[in-house]
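See below for entry.txt, which holds compact mmCIF, C-alpha atoms.
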# COMPACT_ATOMS: atom_id res chain seq x y z
CA MET V 1 -53.47 110.13 53.82
CA MET V 2 -50.48 112.17 54.90
CA PHE V 3 -48.54 111.38 58.05
CA SER V 4 -48.64 113.95 60.81
CA LEU V 5 -45.85 116.20 59.64
CA ILE V 6 -47.59 119.53 59.06
CA PHE V 7 -46.16 122.04 56.60
CA PHE V 8 -46.89 125.74 57.04
CA ALA V 9 -45.92 128.29 54.38
CA SER V 10 -45.20 130.87 57.03
CA GLU V 11 -42.61 132.97 55.25
CA LYS V 12 -44.04 136.14 53.76
CA SER V 13 -42.26 135.68 50.42
CA ASN V 14 -43.69 132.17 50.01
CA ILE V 15 -47.20 133.42 50.70
CA GLN V 16 -46.82 136.25 48.18
CA ILE V 17 -45.64 133.81 45.51
CA GLU V 18 -48.56 131.52 46.31
CA PHE V 19 -51.12 134.29 45.86
CA LYS V 20 -49.63 135.12 42.45
CA ASN V 21 -49.86 131.48 41.44
CA MET V 22 -53.53 131.40 42.44
CA GLU V 23 -54.31 133.22 39.21
CA SER V 24 -53.51 130.12 37.12
CA LEU V 25 -54.82 127.21 39.15
CA ASN V 26 -55.66 123.90 37.53
CA ASP V 27 -59.03 122.33 38.34
CA LEU V 28 -57.67 120.24 41.20
CA GLU V 29 -56.19 123.33 42.82
CA LYS V 30 -59.42 125.26 42.33
CA PHE V 31 -61.30 122.51 44.12
CA PHE V 32 -58.73 122.45 46.93
CA PHE V 33 -58.45 126.19 47.49
CA GLU V 34 -61.86 127.51 46.48
CA ARG V 35 -64.47 124.88 47.29
CA ASP V 36 -65.96 123.50 50.49
CA HIS V 37 -64.88 119.89 51.06
CA LYS V 38 -63.74 117.39 53.64
CA LEU V 39 -60.12 117.63 54.83
CA ILE V 40 -57.40 117.06 52.22
CA HIS V 41 -53.70 117.16 53.15
CA LYS V 42 -51.22 117.32 50.24
CA TRP V 43 -47.81 118.75 49.42
CA ARG V 44 -48.42 121.83 47.32
CA HIS V 45 -46.74 120.58 44.13
CA TYR V 46 -48.75 117.35 43.95
CA PHE V 47 -51.68 118.95 42.11
CA GLU V 48 -49.53 119.76 39.07
CA VAL V 49 -48.30 116.17 38.93
CA TYR V 50 -51.81 114.74 39.19
CA ASP V 51 -53.12 117.00 36.45
CA ARG V 52 -50.18 116.28 34.14
CA HIS V 53 -50.77 112.54 34.20
CA PHE V 54 -54.51 112.18 34.86
CA SER V 55 -55.95 114.87 32.59
CA ARG V 56 -56.19 112.56 29.56
CA MET V 57 -58.71 110.42 31.45
CA ARG V 58 -61.02 113.17 32.68
CA HIS V 59 -63.82 112.50 30.22
CA LYS V 60 -63.70 108.70 30.26
CA LYS V 61 -65.51 106.17 32.40
CA ILE V 62 -62.69 104.97 34.64
CA ASN V 63 -61.92 102.96 37.76
CA VAL V 64 -59.71 104.58 40.40
CA LEU V 65 -58.23 102.88 43.45
CA GLU V 66 -56.83 105.11 46.18
CA ILE V 67 -55.05 103.58 49.15
CA GLY V 68 -55.75 105.91 52.08
CA ALA V 69 -59.20 107.45 52.53
CA ALA V 70 -58.27 109.57 55.58
CA HIS V 71 -61.01 112.21 56.03
CA GLY V 72 -62.66 111.52 52.67
CA GLY V 73 -61.65 114.79 51.03
CA SER V 74 -59.70 113.23 48.19
CA ILE V 75 -62.70 111.07 47.28
CA GLU V 76 -64.68 114.26 46.73
CA MET V 77 -61.78 115.81 44.82
CA TRP V 78 -61.40 112.89 42.41
CA ASN V 79 -65.14 112.75 41.77
CA ASP V 80 -65.15 116.44 40.91
CA TYR V 81 -62.00 116.27 38.78
CA PHE V 82 -63.25 113.33 36.71
CA HIS V 83 -66.68 114.93 36.24
CA GLY V 84 -68.46 112.08 37.99
CA ASN V 85 -67.09 109.57 35.45
CA ALA V 86 -64.90 107.71 37.96
CA THR V 87 -65.89 104.75 40.07
CA ILE V 88 -63.69 105.21 43.13
CA TYR V 89 -62.43 102.34 45.25
CA SER V 90 -60.91 103.43 48.53
CA VAL V 91 -58.87 101.46 51.05
CA ASP V 92 -58.21 102.44 54.65
CA ILE V 93 -57.36 100.68 57.89
CA ASN V 94 -59.83 102.85 59.85
CA PRO V 95 -63.36 101.30 59.98
CA GLU V 96 -64.86 104.80 60.32
CA CYS V 97 -64.03 105.38 56.67
CA ARG V 98 -66.95 103.16 55.68
CA LYS V 99 -69.13 106.25 56.02
CA PHE V 100 -67.56 107.67 52.85
CA GLU V 101 -69.28 105.06 50.70
CA ASN V 102 -71.78 106.50 48.24
CA ASP V 103 -73.14 105.83 44.77
CA TYR V 104 -69.71 106.31 43.18
CA THR V 105 -67.42 105.07 45.99
CA LYS V 106 -66.78 101.65 47.49
CA VAL V 107 -64.67 101.53 50.66
CA PHE V 108 -62.60 98.51 51.74
CA ILE V 109 -61.26 98.25 55.28
CA GLY V 110 -57.91 96.52 55.67
CA SER V 111 -54.16 96.93 55.85
CA GLN V 112 -52.17 97.56 52.69
CA GLU V 113 -49.36 95.34 53.98
CA ASP V 114 -51.72 92.42 54.66
CA LYS V 115 -51.18 90.13 51.67
CA THR V 116 -54.31 88.08 52.42
CA PHE V 117 -56.42 91.25 52.37
CA LEU V 118 -54.74 92.46 49.19
CA LYS V 119 -55.33 89.12 47.45
CA LYS V 120 -59.05 89.40 48.21
CA LEU V 121 -59.01 93.02 47.07
CA HIS V 122 -57.26 92.01 43.85
CA ALA V 123 -59.94 89.40 43.16
CA THR V 124 -62.77 91.85 43.89
CA LEU V 125 -61.63 94.93 41.98
CA PRO V 126 -62.18 95.51 38.27
CA ALA V 127 -59.21 96.47 36.09
CA LEU V 128 -57.91 99.86 37.22
CA ASP V 129 -57.24 102.94 35.13
CA ILE V 130 -55.48 104.66 38.05
CA LEU V 131 -53.93 103.31 41.26
CA ILE V 132 -52.87 105.89 43.85
CA ASP V 133 -50.89 104.75 46.90
CA ASP V 134 -51.39 107.42 49.55
CA GLY V 135 -51.55 105.03 52.47
CA GLY V 136 -49.30 104.60 55.47
CA HIS V 137 -46.06 105.39 53.57
CA THR V 138 -43.91 102.72 55.23
CA MET V 139 -41.48 100.80 53.06
CA ASN V 140 -43.24 97.48 53.58
CA GLN V 141 -46.63 99.00 52.79
CA GLN V 142 -45.49 100.64 49.57
CA ILE V 143 -43.55 97.62 48.31
CA THR V 144 -46.25 95.11 49.25
CA THR V 145 -48.99 97.19 47.63
CA PHE V 146 -46.98 97.53 44.43
CA GLU V 147 -46.15 93.83 44.23
CA MET V 148 -49.72 92.72 44.94
CA LEU V 149 -51.70 95.23 42.88
CA PHE V 150 -49.58 96.65 40.05
CA ASP V 151 -50.79 94.02 37.60
CA LYS V 152 -54.35 95.16 38.31
CA VAL V 153 -53.60 98.42 36.46
CA LYS V 154 -54.84 98.37 32.85
CA GLU V 155 -52.41 98.17 29.95
CA ASP V 156 -52.85 101.92 29.37
CA GLY V 157 -53.29 102.82 33.04
CA ILE V 158 -51.31 104.75 35.62
CA TYR V 159 -49.74 103.79 38.94
CA LEU V 160 -48.78 106.60 41.31
CA CYS V 161 -47.14 106.31 44.72
CA GLU V 162 -46.73 109.45 46.76
CA ASP V 163 -44.84 110.63 49.84
CA LEU V 164 -41.69 108.81 48.77
CA HIS V 165 -39.64 111.10 50.98
CA THR V 166 -40.41 108.63 53.78
CA SER V 167 -37.77 106.44 52.11
CA TYR V 168 -35.24 108.65 53.91
CA PHE V 169 -36.92 108.38 57.34
CA LYS V 170 -35.94 105.63 59.76
CA TYR V 171 -39.36 105.81 61.42
CA PHE V 172 -40.97 104.53 58.21
CA GLY V 173 -38.36 101.83 57.66
CA GLY V 174 -36.32 103.95 55.28
CA GLY V 175 -32.87 105.50 55.29
CA TYR V 176 -30.51 107.02 52.74
CA LYS V 177 -29.42 104.27 50.32
CA LYS V 178 -31.15 101.67 52.47
CA LYS V 179 -31.67 98.62 50.30
CA ARG V 180 -35.33 98.05 51.11
CA SER V 181 -36.44 101.67 50.98
CA PHE V 182 -39.01 102.22 48.27
CA ILE V 183 -36.70 104.69 46.52
CA GLU V 184 -33.97 102.07 46.23
CA TYR V 185 -36.51 99.37 45.36
CA SER V 186 -38.02 101.45 42.56
CA LYS V 187 -34.62 102.29 41.05
CA ASN V 188 -34.64 98.71 39.76
CA PHE V 189 -37.57 99.71 37.54
CA ILE V 190 -35.11 101.79 35.49
CA ASP V 191 -33.08 98.68 34.73
CA LYS V 192 -36.23 96.71 33.90
CA ILE V 193 -37.38 99.05 31.13
CA HIS V 194 -33.88 98.77 29.58
CA ALA V 195 -33.83 94.96 29.72
CA TRP V 196 -34.05 94.80 25.91
CA HIS V 197 -30.45 96.03 25.74
CA THR V 198 -28.68 93.53 27.99
CA LYS V 199 -28.80 89.80 28.69
CA LYS V 200 -28.09 90.45 32.37
CA ILE V 201 -31.67 91.64 32.99
CA PRO V 202 -34.59 89.41 32.01
CA VAL V 203 -37.31 90.88 29.83
CA ASP V 204 -40.35 90.39 32.08
CA ASP V 205 -43.96 91.56 32.37
CA PHE V 206 -42.80 94.92 33.72
CA THR V 207 -40.54 95.45 30.71
CA LYS V 208 -43.34 94.52 28.33
CA SER V 209 -46.00 96.67 29.99
CA VAL V 210 -44.33 99.90 31.15
CA HIS V 211 -43.91 102.82 28.78
CA SER V 212 -42.37 105.39 31.15
CA ILE V 213 -41.34 106.13 34.72
CA HIS V 214 -41.54 109.66 36.11
CA TYR V 215 -39.91 110.79 39.35
CA TYR V 216 -40.89 114.00 41.14
CA ASP V 217 -40.17 115.20 44.65
CA SER V 218 -41.90 112.51 46.74
CA ILE V 219 -43.80 110.94 43.82
CA ILE V 220 -43.24 108.18 41.28
CA VAL V 221 -45.62 107.79 38.34
CA ILE V 222 -45.53 104.70 36.13
CA GLU V 223 -47.43 104.90 32.85
CA LYS V 224 -48.30 101.60 31.24
CA ARG V 225 -48.48 100.75 27.55
CA PRO V 226 -47.83 97.46 25.72
CA MET V 227 -44.16 97.51 24.76
CA SER V 228 -41.98 95.49 22.39
CA ALA V 229 -38.26 95.50 21.69
CA PRO V 230 -37.16 98.97 20.49
CA PHE V 231 -35.53 99.45 17.09
CA ASP V 232 -33.65 102.35 15.57
CA VAL V 233 -34.42 103.99 12.22
CA LYS V 234 -32.64 106.31 9.83
CA SER V 235 -33.92 108.79 7.29
CA GLY V 236 -32.24 111.31 4.98
CA SER V 237 -29.06 111.48 2.90
CA PRO V 238 -25.66 111.09 4.63
CA SER V 239 -23.41 114.14 4.48
CA ILE V 240 -20.30 113.12 6.46
CA GLU V 241 -18.25 110.01 7.17
CA ASP V 242 -19.95 108.71 10.30
CA ASN V 243 -17.80 105.63 10.97
CA LEU V 244 -14.89 107.49 12.59
CA ALA V 245 -16.44 107.54 16.06
CA LEU V 246 -17.26 103.82 15.85
CA GLU V 247 -13.71 103.02 14.77
CA ALA V 248 -12.33 105.01 17.72
CA ILE V 249 -14.55 103.08 20.12
CA ILE V 250 -13.49 99.74 18.68
CA LYS V 251 -9.79 100.64 18.95
CA LYS V 252 -10.23 101.83 22.53

Can the structure from this file be put into structure tokens for me?
Amino acid sequence: MMFSLIFFASEKSNIQIEFKNMESLNDLEKFFFERDHKLIHKWRHYFEVYDRHFSRMRHKKINVLEIGAAHGGSIEMWNDYFHGNATIYSVDINPECRKFENDYTKVFIGSQEDKTFLKKLHATLPALDILIDDGGHTMNQQITTFEMLFDKVKEDGIYLCEDLHTSYFKYFGGGYKKKRSFIEYSKNFIDKIHAWHTKKIPVDDFTKSVHSIHYYDSIIVIEKRPMSAPFDVKSGSPSIEDNLALEAIIKK
């Protein structure tokens, strides 16, 4: 669910570039641009990000949770993209969204910043292959949803939060370098995956379960994988004296 800031590619040059790009659409883009469906509102570059990270799961039986049902278009898109192999769980604050329930979709009505609701949701849901936060985009909503539901993502699953640009908007509780913006909050994740290398950061469940963090314009993707302390390796025959740099560092 996008907030009501509408983007129009009105410049002629942008439209011409877009038509050229239509020749090499991925399957999500083909669904969006070429098929009949309920309303979907996305930033144009999101489809590439989705396909890059979700494509490996397209032919598996998976569980997907999407926060933000909106008009129901993305439910149709995910079902098409995953070839009907996904059980989709959708959350929205609008009771009208119950009508999107079908044989592959279960809809929950509640607020993503209501911890009591999220606790019940956590207890009800199966383990998730993909969690997409496309809800209300406020700082409290994004942080609360992450803290309450991230551990519900499988050990090889994916967490994705979109519309992170709201971290710079006062209306959503954000602001440049504001401590409790989701951008600033998520920067701590970078330290957490490096906790093996310093005693100042505890090695916690995040450190042990996150393989990689990917930032894009307005999106963060966290890919999970069981992790252990890294170790370095060497192979091959030495050909130069390689202790000079180390000696210089020690002297300095």

_List the spatial neighbours of Phe117 in chain V as number ranges by chain - criterion: any atom at most 12 Å away, only C-alpha atoms, same-chain residues fewer than 2 positions off excluded._
V: 91-93, 108-115, 119-124, 144-145, 148-149

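When all atoms listed in the file are used to measure the gap to Lys178 in chain V, the shortest distance among V:Arg98, V:His197, V:Glu76, V:Thr166 belongs to V:Thr166.
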
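Closest approach to Val49 in chain V from the set V:Asn26, V:Asn63, V:Asn102, V:Asn243 is made by V:Asn26, with distances taken over all atoms listed in the file.
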
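In this structure, CA of Glu66 in chain V sits 4.7 Å away from CA of Ile132 in chain V.
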
*What gap, in Å, lies between CA of Val107 in chain V and CA of His214 in chain V?*
28.5 Å

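Atom to atom, CA of Ile219 in chain V and CA of Phe182 in chain V stand 10.9 Å apart.
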
*Have a look at V:Phe54, V:Tyr168, V:Trp78, V:Tyr176 and name the one nearest to Thr138 in chain V; count all atoms listed in the file.*
V:Tyr168

*Once you count only C-alpha atoms, which residues end up no further than 10 Å from (-49.5, 120.9, 40.6) in the file's frame, shown as a ChimeraX atom specification?*
/V:25-29,43-52

Would you pick out the contacts of Ala127 in chain V at 7 Å or less, using all atoms listed in the file, so that residues sharing its chain but fewer than 3 positions from it are not included, and give the list as a JSON list (two decimals) with C-alpha atoms, in the coordinates of the input?
[["chain", "number", "residue", "atom", "x", "y", "z"],
["V", 152, "LYS", "CA", -54.35, 95.16, 38.31],
["V", 153, "VAL", "CA", -53.60, 98.42, 36.46],
["V", 154, "LYS", "CA", -54.84, 98.37, 32.85]]

When you look at Asp133 in chain V with a cut-off of 7 Å (counting all atoms listed in the file), what residues show up, excluding the ones that are within fewer than 2 positions of it in the same chain? I need them as a PDB file with C-alpha atoms, in the coordinates of the input.
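The resulting file, around12.pdb, is shown below:
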ATOM      1  CA  GLU V  66     -56.830 105.110  46.180  1.00  0.00           C
ATOM      2  CA  ILE V  67     -55.050 103.580  49.150  1.00  0.00           C
ATOM      3  CA  LEU V 131     -53.930 103.310  41.260  1.00  0.00           C
ATOM      4  CA  GLY V 135     -51.550 105.030  52.470  1.00  0.00           C
ATOM      5  CA  LEU V 160     -48.780 106.600  41.310  1.00  0.00           C
ATOM      6  CA  CYS V 161     -47.140 106.310  44.720  1.00  0.00           C
ATOM      7  CA  GLU V 162     -46.730 109.450  46.760  1.00  0.00           C
TER       8      GLU V 162
END

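Among the candidates V:Asp242, V:Asp103, V:Asp156, V:Glu184, the residue lying nearest to Val210 in chain V is V:Asp156 (atoms considered: only C-alpha atoms).
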
*For Tyr215 in chain V, which residue among V:Ala195, V:Ile240, V:Ile201, V:Leu164 is the nearest when counting only C-alpha atoms?*
V:Leu164

Put the listed atoms of range 173-182 of chain V in a box along x, y and z with 5 Å added on every side and give me the centre and edge lengths in Å to one decimal, as JSON.
{"center_x": -34.2, "center_y": 102.5, "center_z": 53.0, "size_x": 19.6, "size_y": 19.0, "size_z": 19.4}

_Close residues, Glu101 in chain V itself excluded, 10 Å, all atoms listed in the file, min 5 positions apart in chain, as a ChimeraX atom specification_ = /V:72,75,88-90,106-108

*Name the residues in contact with His71 in chain V at a cut-off of 7 Å, using only C-alpha atoms, excluding same-chain residues fewer than 2 positions from it; report them as an NGL selection string.*
:V and (38-39 or 69 or 73)

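The nearest approach to Asp134 in chain V among the residues V:Ala70, V:Cys97, V:Val203, V:Ile213, with all atoms listed in the file taken into account, belongs to V:Ala70.
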